[in-house]
$ cat target_17.txt   # compact mmCIF, C-alpha atoms and all ligand atoms
# COMPACT_ATOMS: atom_id res chain seq x y z
CA MET A 232 69.21 48.26 163.02
CA LEU A 233 69.43 49.21 159.37
CA ILE A 234 66.74 51.22 157.58
CA ARG A 235 66.86 50.21 153.92
CA LYS A 236 64.85 49.57 150.78
CA ALA A 237 63.89 45.93 150.26
CA THR A 238 62.75 43.76 147.36
CA GLY A 239 59.49 42.23 146.25
CA GLU A 240 60.81 38.77 147.16
CA GLU A 241 61.58 39.98 150.69
CA MET A 242 58.03 41.32 150.99
CA LEU A 243 56.56 37.96 149.94
CA LYS A 244 58.74 36.12 152.47
CA LEU A 245 57.86 38.58 155.25
CA TRP A 246 54.16 38.08 154.51
CA GLY A 247 54.58 34.30 154.63
CA PHE A 248 54.29 33.45 150.92
CA LYS A 249 56.86 31.30 149.16
CA ASP A 250 56.21 32.81 145.73
CA THR A 251 53.73 34.89 143.73
CA VAL A 252 51.62 31.84 142.89
CA ALA A 253 50.98 31.20 146.58
CA ALA A 254 50.56 34.90 147.36
CA SER A 255 47.27 36.65 148.21
CA HIS A 256 45.79 39.16 145.75
CA THR A 257 47.05 42.02 147.90
CA ALA A 258 50.56 40.55 148.16
CA ARG A 259 50.66 40.10 144.39
CA PHE A 260 49.55 43.72 143.92
CA TYR A 261 52.37 44.95 146.19
CA TYR A 262 54.91 42.64 144.53
CA ARG A 263 53.97 43.78 141.04
CA HIS A 264 54.30 47.44 141.95
CA ILE A 265 57.59 46.98 143.84
CA ILE A 266 59.25 45.19 140.95
CA SER A 267 57.95 47.73 138.41
CA GLY A 268 59.38 50.57 140.52
CA ASN A 269 55.98 52.13 141.29
CA ALA A 270 56.22 51.13 144.96
CA VAL A 271 59.11 51.34 147.41
CA PHE A 272 59.37 48.89 150.29
CA TRP A 273 61.16 50.36 153.32
CA THR A 274 62.21 48.02 156.08
CA VAL A 275 64.03 47.83 159.39
CA ASP A 276 66.66 45.10 159.04
CA ASN A 277 67.74 43.68 162.40
CA GLY A 278 70.70 41.52 161.42
CA GLY A 279 68.79 39.87 158.58
CA GLU A 280 65.39 39.76 160.30
CA LEU A 281 62.94 42.28 158.85
CA ILE A 282 61.11 43.78 161.83
CA GLY A 283 59.40 46.77 160.24
CA GLU A 284 57.74 47.67 156.97
CA LEU A 285 56.37 50.71 155.19
CA TYR A 286 55.40 50.90 151.52
CA VAL A 287 55.24 53.98 149.32
CA PHE A 288 53.08 53.88 146.19
CA LEU A 289 53.98 56.60 143.71
CA ASN A 290 51.01 56.28 141.35
CA LEU A 291 47.55 54.81 141.87
CA ASP A 292 44.19 54.96 140.06
CA ASP A 293 42.80 57.25 142.77
CA LYS A 294 44.95 60.36 142.32
CA ASP A 295 43.99 61.69 145.77
CA PHE A 296 46.25 58.92 147.12
CA ALA A 297 49.10 59.06 144.62
CA ASP A 298 49.48 60.70 141.22
CA GLY A 299 52.99 59.69 140.17
CA LYS A 300 54.33 63.25 140.23
CA THR A 301 53.42 65.31 143.26
CA THR A 302 51.57 63.00 145.65
CA ALA A 303 52.51 59.54 146.98
CA TYR A 304 50.73 57.14 149.35
CA LEU A 305 52.25 55.47 152.43
CA CYS A 306 50.70 52.24 153.66
CA ALA A 307 51.09 48.85 155.38
CA PHE A 308 53.11 50.52 158.11
CA ARG A 309 54.01 47.98 160.80
CA VAL A 310 56.71 47.30 163.34
CA LYS A 311 56.82 43.90 165.05
CA GLN A 312 55.09 44.16 168.40
CA GLU A 313 58.10 43.56 170.63
CA TYR A 314 60.05 46.35 168.90
CA ARG A 315 57.37 49.07 169.04
CA GLY A 316 57.80 52.37 170.90
CA ARG A 317 61.57 52.56 170.28
CA GLY A 318 61.56 55.04 167.41
CA LEU A 319 61.83 52.49 164.60
CA GLY A 320 58.48 53.42 163.03
CA SER A 321 59.54 57.08 163.09
CA SER A 322 62.83 56.18 161.38
CA LEU A 323 60.95 54.37 158.63
CA LEU A 324 58.67 57.37 158.12
CA HIS A 325 61.64 59.76 158.00
CA ALA A 326 63.45 57.63 155.41
CA ALA A 327 60.38 57.32 153.19
CA LEU A 328 59.49 61.02 153.40
CA ASP A 329 63.08 62.20 152.75
CA ASP A 330 63.30 59.91 149.72
CA LEU A 331 60.01 61.23 148.32
CA LYS A 332 61.17 64.80 148.75
CA GLU A 333 64.39 63.98 146.89
CA LYS A 334 62.30 62.50 144.08
CA GLY A 335 60.50 65.85 143.79
CA PHE A 336 57.19 64.85 145.37
CA ARG A 337 55.41 67.60 147.28
CA THR A 338 52.71 65.74 149.22
CA ALA A 339 52.53 62.46 151.15
CA THR A 340 49.27 60.75 152.08
CA ILE A 341 48.56 58.09 154.72
CA GLY A 342 45.43 56.34 155.94
CA VAL A 343 44.34 55.99 159.55
CA GLY A 344 41.27 54.83 161.46
CA SER A 345 39.50 57.53 163.47
CA ASP A 346 39.58 55.09 166.42
CA LYS A 347 43.41 54.90 166.45
CA PRO A 348 44.49 57.83 168.69
CA MET A 349 48.11 56.67 169.06
CA ASN A 350 48.56 56.41 165.31
CA ILE A 351 46.82 59.75 164.74
CA GLN A 352 49.16 61.32 167.31
CA LEU A 353 52.21 59.87 165.60
CA TYR A 354 51.09 61.08 162.16
CA ARG A 355 50.15 64.52 163.52
CA ARG A 356 53.65 64.84 164.97
CA PHE A 357 54.99 64.13 161.47
CA GLY A 358 52.80 66.86 159.97
CA PHE A 359 49.95 64.76 158.59
CA THR A 360 47.44 67.36 159.75
CA ALA A 361 45.19 67.80 156.69
CA LYS A 362 42.32 65.40 156.09
CA VAL A 363 41.87 64.67 152.38
CA LYS A 364 38.72 62.57 152.65
CA ASP A 365 36.87 59.67 154.28
CA CYS A 366 37.61 56.36 152.57
CA HIS A 367 35.92 52.99 152.27
CA TYR A 368 38.50 51.54 149.91
CA ASP A 369 42.21 50.97 150.33
CA PRO A 370 43.51 51.20 146.76
CA CYS A 371 46.26 48.68 147.61
CA GLY A 372 44.14 46.08 149.43
CA MET A 373 42.70 43.72 146.82
CA ASP A 374 39.70 41.39 147.02
CA GLU A 375 39.37 38.07 145.17
CA ASN A 376 38.39 39.96 141.99
CA ASN A 377 41.52 42.12 142.25
CA GLN A 378 39.39 45.15 143.11
CA PRO A 379 40.07 47.41 146.10
CA GLU A 380 38.38 45.82 149.08
CA PHE A 381 35.32 47.59 150.54
CA GLU A 382 35.65 48.44 154.21
CA GLU A 383 32.45 49.05 156.13
CA GLU A 384 34.08 51.39 158.62
CA ALA A 385 35.29 54.63 157.01
CA TRP A 386 38.88 55.70 157.66
CA TRP A 387 40.69 58.97 157.04
CA LEU A 388 43.15 59.80 154.30
CA LEU A 389 45.56 62.38 155.77
CA SER A 390 48.17 64.42 153.94
CA LYS A 391 51.36 66.29 154.64
CA GLU A 392 53.32 68.81 152.55
CA LEU A 393 56.93 67.71 152.10
C1 LIG B 1 52.34 52.45 164.22
C2 LIG B 1 53.69 51.71 164.36
C3 LIG B 1 54.19 51.27 163.00
C4 LIG B 1 54.67 52.72 164.97
O1 LIG B 1 55.94 52.07 165.08
P1 LIG B 1 56.85 52.32 166.36
O2 LIG B 1 58.19 51.74 166.09
O3 LIG B 1 56.15 51.86 167.56
O4 LIG B 1 56.93 53.91 166.30
P2 LIG B 1 57.84 54.90 167.15
O5 LIG B 1 58.49 54.17 168.27
O6 LIG B 1 58.68 55.65 166.22
O7 LIG B 1 56.76 55.92 167.67
C5 LIG B 1 55.91 55.55 168.69
C6 LIG B 1 54.66 56.35 168.52
O8 LIG B 1 53.77 55.58 167.68
C7 LIG B 1 52.48 55.61 168.23
N1 LIG B 1 52.02 54.23 168.40
C8 LIG B 1 50.96 53.74 167.78
N2 LIG B 1 50.76 52.46 168.14
C9 LIG B 1 51.74 52.14 169.02
C10 LIG B 1 52.07 50.96 169.75
N3 LIG B 1 51.32 49.85 169.65
N4 LIG B 1 53.14 50.97 170.56
C11 LIG B 1 53.89 52.09 170.67
N5 LIG B 1 53.62 53.23 170.00
C12 LIG B 1 52.54 53.26 169.19
C13 LIG B 1 52.50 56.40 169.49
O9 LIG B 1 51.95 57.67 169.19
C14 LIG B 1 53.95 56.56 169.84
O10 LIG B 1 54.19 57.86 170.27
P3 LIG B 1 54.98 58.12 171.66
O11 LIG B 1 56.39 57.62 171.42
O12 LIG B 1 54.88 59.58 171.86
O13 LIG B 1 54.24 57.31 172.68
C15 LIG B 1 53.59 50.49 165.30
O14 LIG B 1 53.12 50.90 166.55
C16 LIG B 1 52.69 49.37 164.76
O15 LIG B 1 53.14 48.50 164.04
N6 LIG B 1 51.41 49.39 165.11
C17 LIG B 1 50.48 48.37 164.64
C18 LIG B 1 50.13 48.53 163.18
C19 LIG B 1 49.55 49.88 162.88
O16 LIG B 1 48.72 50.38 163.63
N7 LIG B 1 50.00 50.49 161.78
C20 LIG B 1 49.57 51.79 161.34
C21 LIG B 1 48.31 51.68 160.54
S1 LIG B 1 47.57 53.29 160.34

$ encode --input "target_17.txt" --output "structure tokens"
Amino acid sequence: MLIRKATGEEMLKLWGFKDTVAASHTARFYYRHIISGNAVFWTVDNGGELIGELYVFLNLDDKDFADGKTTAYLCAFRVKQEYRGRGLGSSLLHAALDDLKEKGFRTATIGVGSDKPMNIQLYRRFGFTAKVKDCHYDPCGMDENNQPEFEEEAWWLLSKEL
């Protein structure tokens, strides 16, 4: 298992899109930011099969999430079901957080639903103990008008000092 940075093209393929024309608004948003260098795609490469993903956005319109200098936002954190509970998600988080620290960032943020105790436990273990705010918008999840999608159920933005 190799933890590494991956490309925008690899993200599109992993999400099931053959190119940016076929991609969803959200996939296009991620792609655009990965290729511009404003987002980093971390993956678990299992002999060529990408089985985990975690994205780090360095700068976003909502500066509580990411401000390009001190604070960065982690999102779309997933490990394929059959590989969960083996430490791979933790390895992805470690890689992303170490890299941010090296870049000089001081704070990492991550979103979680209040009804997700296992995820909350994992993030707490990593030091995401401060709650920044309740959110109804994921700044990286785009609707058909390329605006952050409204989510009825509020979720928490947590933060951790690096
Ligand atoms: C959250 C996730 C990425 C963690 O990846 P992982 O490889 O299972 O993580 P690790 O093995 O390093 O750590 C496991 C910890 O994650 C938490 N966890 C959350 N959901 C889990 C799941 N479905 N299976 C196993 N662990 C899970 C547990 O707290 C667990 O802690 P424990 O080892 O003390 O029981 C993965 O479970 C996943 O893809 N879940 C579905 C998508 C999701 O919820 N993403 C996060 C959005 S906020």

$ residues_around --input "target_17.txt" --residues "segment 365-379 of chain A" --least-positions-apart "2" --cutoff "8 Å" --atoms "all atoms listed in the file" --output "list in words"
His256, Thr257, Phe260, Tyr261, Leu291, Asp292, Asp293, Val363, Phe381, Glu382, Glu383, Glu384, Ala385, Trp386, Trp387 and Leu388 of chain A

$ residues_near_point --input "target_17.txt" --point "(56.0, 63.6, 152.7)" --cutoff "12 Å" --atoms "all atoms listed in the file" --output "MDAnalysis selection string"
chainID A and resid 287 289 297 301:305 324:341 354 357:360 389:393

$ residues_near_ligand --input "target_17.txt" --ligand "ligand LIG 1 (chain B)" --cutoff "7 Å" --atoms "only C-alpha atoms and all ligand atoms" --output "PyMOL selection string"
chain A and resi 307-312+314-322+342-344+349-350+352-353

$ write_last_selection --input "target_17.txt" --atoms "C-alpha atoms" --output "CSV table (one decimal), keeping the file's coordinate frame"
chain,number,residue,atom,x,y,z
A,307,ALA,CA,51.1,48.8,155.4
A,308,PHE,CA,53.1,50.5,158.1
A,309,ARG,CA,54.0,48.0,160.8
A,310,VAL,CA,56.7,47.3,163.3
A,311,LYS,CA,56.8,43.9,165.0
A,312,GLN,CA,55.1,44.2,168.4
A,314,TYR,CA,60.0,46.4,168.9
A,315,ARG,CA,57.4,49.1,169.0
A,316,GLY,CA,57.8,52.4,170.9
A,317,ARG,CA,61.6,52.6,170.3
A,318,GLY,CA,61.6,55.0,167.4
A,319,LEU,CA,61.8,52.5,164.6
A,320,GLY,CA,58.5,53.4,163.0
A,321,SER,CA,59.5,57.1,163.1
A,322,SER,CA,62.8,56.2,161.4
A,342,GLY,CA,45.4,56.3,155.9
A,343,VAL,CA,44.3,56.0,159.6
A,344,GLY,CA,41.3,54.8,161.5
A,349,MET,CA,48.1,56.7,169.1
A,350,ASN,CA,48.6,56.4,165.3
A,352,GLN,CA,49.2,61.3,167.3
A,353,LEU,CA,52.2,59.9,165.6

$ atom_distance --input "target_17.txt" --atom1 "atom CA of Gly268 of chain A" --atom2 "atom CA of Lys249 of chain A"
21.3 Å

$ closest_residue --input "target_17.txt" --among "A:Lys362, A:Lys236, A:Lys347, A:Arg356" --to "Asp276 of chain A" --atoms "only C-alpha atoms"
A:Lys236

$ atom_distance --input "target_17.txt" --atom1 "atom CA of Thr274 of chain A" --atom2 "atom CA of Pro348 of chain A"
23.9 Å

$ atom_distance --input "target_17.txt" --atom1 "atom CA of Cys306 of chain A" --atom2 "atom CA of Gly247 of chain A"
18.4 Å

$ residues_near_point --input "target_17.txt" --point "(65.2, 45.2, 157.1)" --cutoff "9 Å" --atoms "all atoms listed in the file" --output "PDB file with C-alpha atoms, in the coordinates of the input"
ATOM      1  CA  MET A 232      69.210  48.260 163.020  1.00  0.00           C
ATOM      2  CA  LEU A 233      69.430  49.210 159.370  1.00  0.00           C
ATOM      3  CA  ILE A 234      66.740  51.220 157.580  1.00  0.00           C
ATOM      4  CA  ARG A 235      66.860  50.210 153.920  1.00  0.00           C
ATOM      5  CA  LYS A 236      64.850  49.570 150.780  1.00  0.00           C
ATOM      6  CA  ALA A 237      63.890  45.930 150.260  1.00  0.00           C
ATOM      7  CA  TRP A 273      61.160  50.360 153.320  1.00  0.00           C
ATOM      8  CA  THR A 274      62.210  48.020 156.080  1.00  0.00           C
ATOM      9  CA  VAL A 275      64.030  47.830 159.390  1.00  0.00           C
ATOM     10  CA  ASP A 276      66.660  45.100 159.040  1.00  0.00           C
ATOM     11  CA  ASN A 277      67.740  43.680 162.400  1.00  0.00           C
ATOM     12  CA  GLY A 278      70.700  41.520 161.420  1.00  0.00           C
ATOM     13  CA  GLY A 279      68.790  39.870 158.580  1.00  0.00           C
ATOM     14  CA  GLU A 280      65.390  39.760 160.300  1.00  0.00           C
ATOM     15  CA  LEU A 281      62.940  42.280 158.850  1.00  0.00           C
ATOM     16  CA  ILE A 282      61.110  43.780 161.830  1.00  0.00           C
ATOM     17  CA  GLY A 283      59.400  46.770 160.240  1.00  0.00           C
ATOM     18  CA  GLU A 284      57.740  47.670 156.970  1.00  0.00           C
TER      19      GLU A 284
END

$ residues_around --input "target_17.txt" --residues "Val252 of chain A" --least-positions-apart "6" --cutoff "12 Å" --atoms "all atoms listed in the file" --output "ChimeraX atom specification"
/A:243,258-259,262

$ write_last_selection --input "target_17.txt" --atoms "C-alpha atoms" --output "PDB file, keeping the file's coordinate frame"
ATOM      1  CA  LEU A 243      56.560  37.960 149.940  1.00  0.00           C
ATOM      2  CA  ALA A 258      50.560  40.550 148.160  1.00  0.00           C
ATOM      3  CA  ARG A 259      50.660  40.100 144.390  1.00  0.00           C
ATOM      4  CA  TYR A 262      54.910  42.640 144.530  1.00  0.00           C
TER       5      TYR A 262
END

$ closest_residue --input "target_17.txt" --among "A:Ile351, A:Lys364, A:Trp246, A:Ala270" --to "Asp295 of chain A" --atoms "only C-alpha atoms"
A:Lys364

$ axis_aligned_box --input "target_17.txt" --around "segment 325-341 of chain A" --padding-each-side "8 Å" --output "JSON"
{"center_x": 56.5, "center_y": 62.5, "center_z": 150.9, "size_x": 31.8, "size_y": 26.3, "size_z": 30.2}
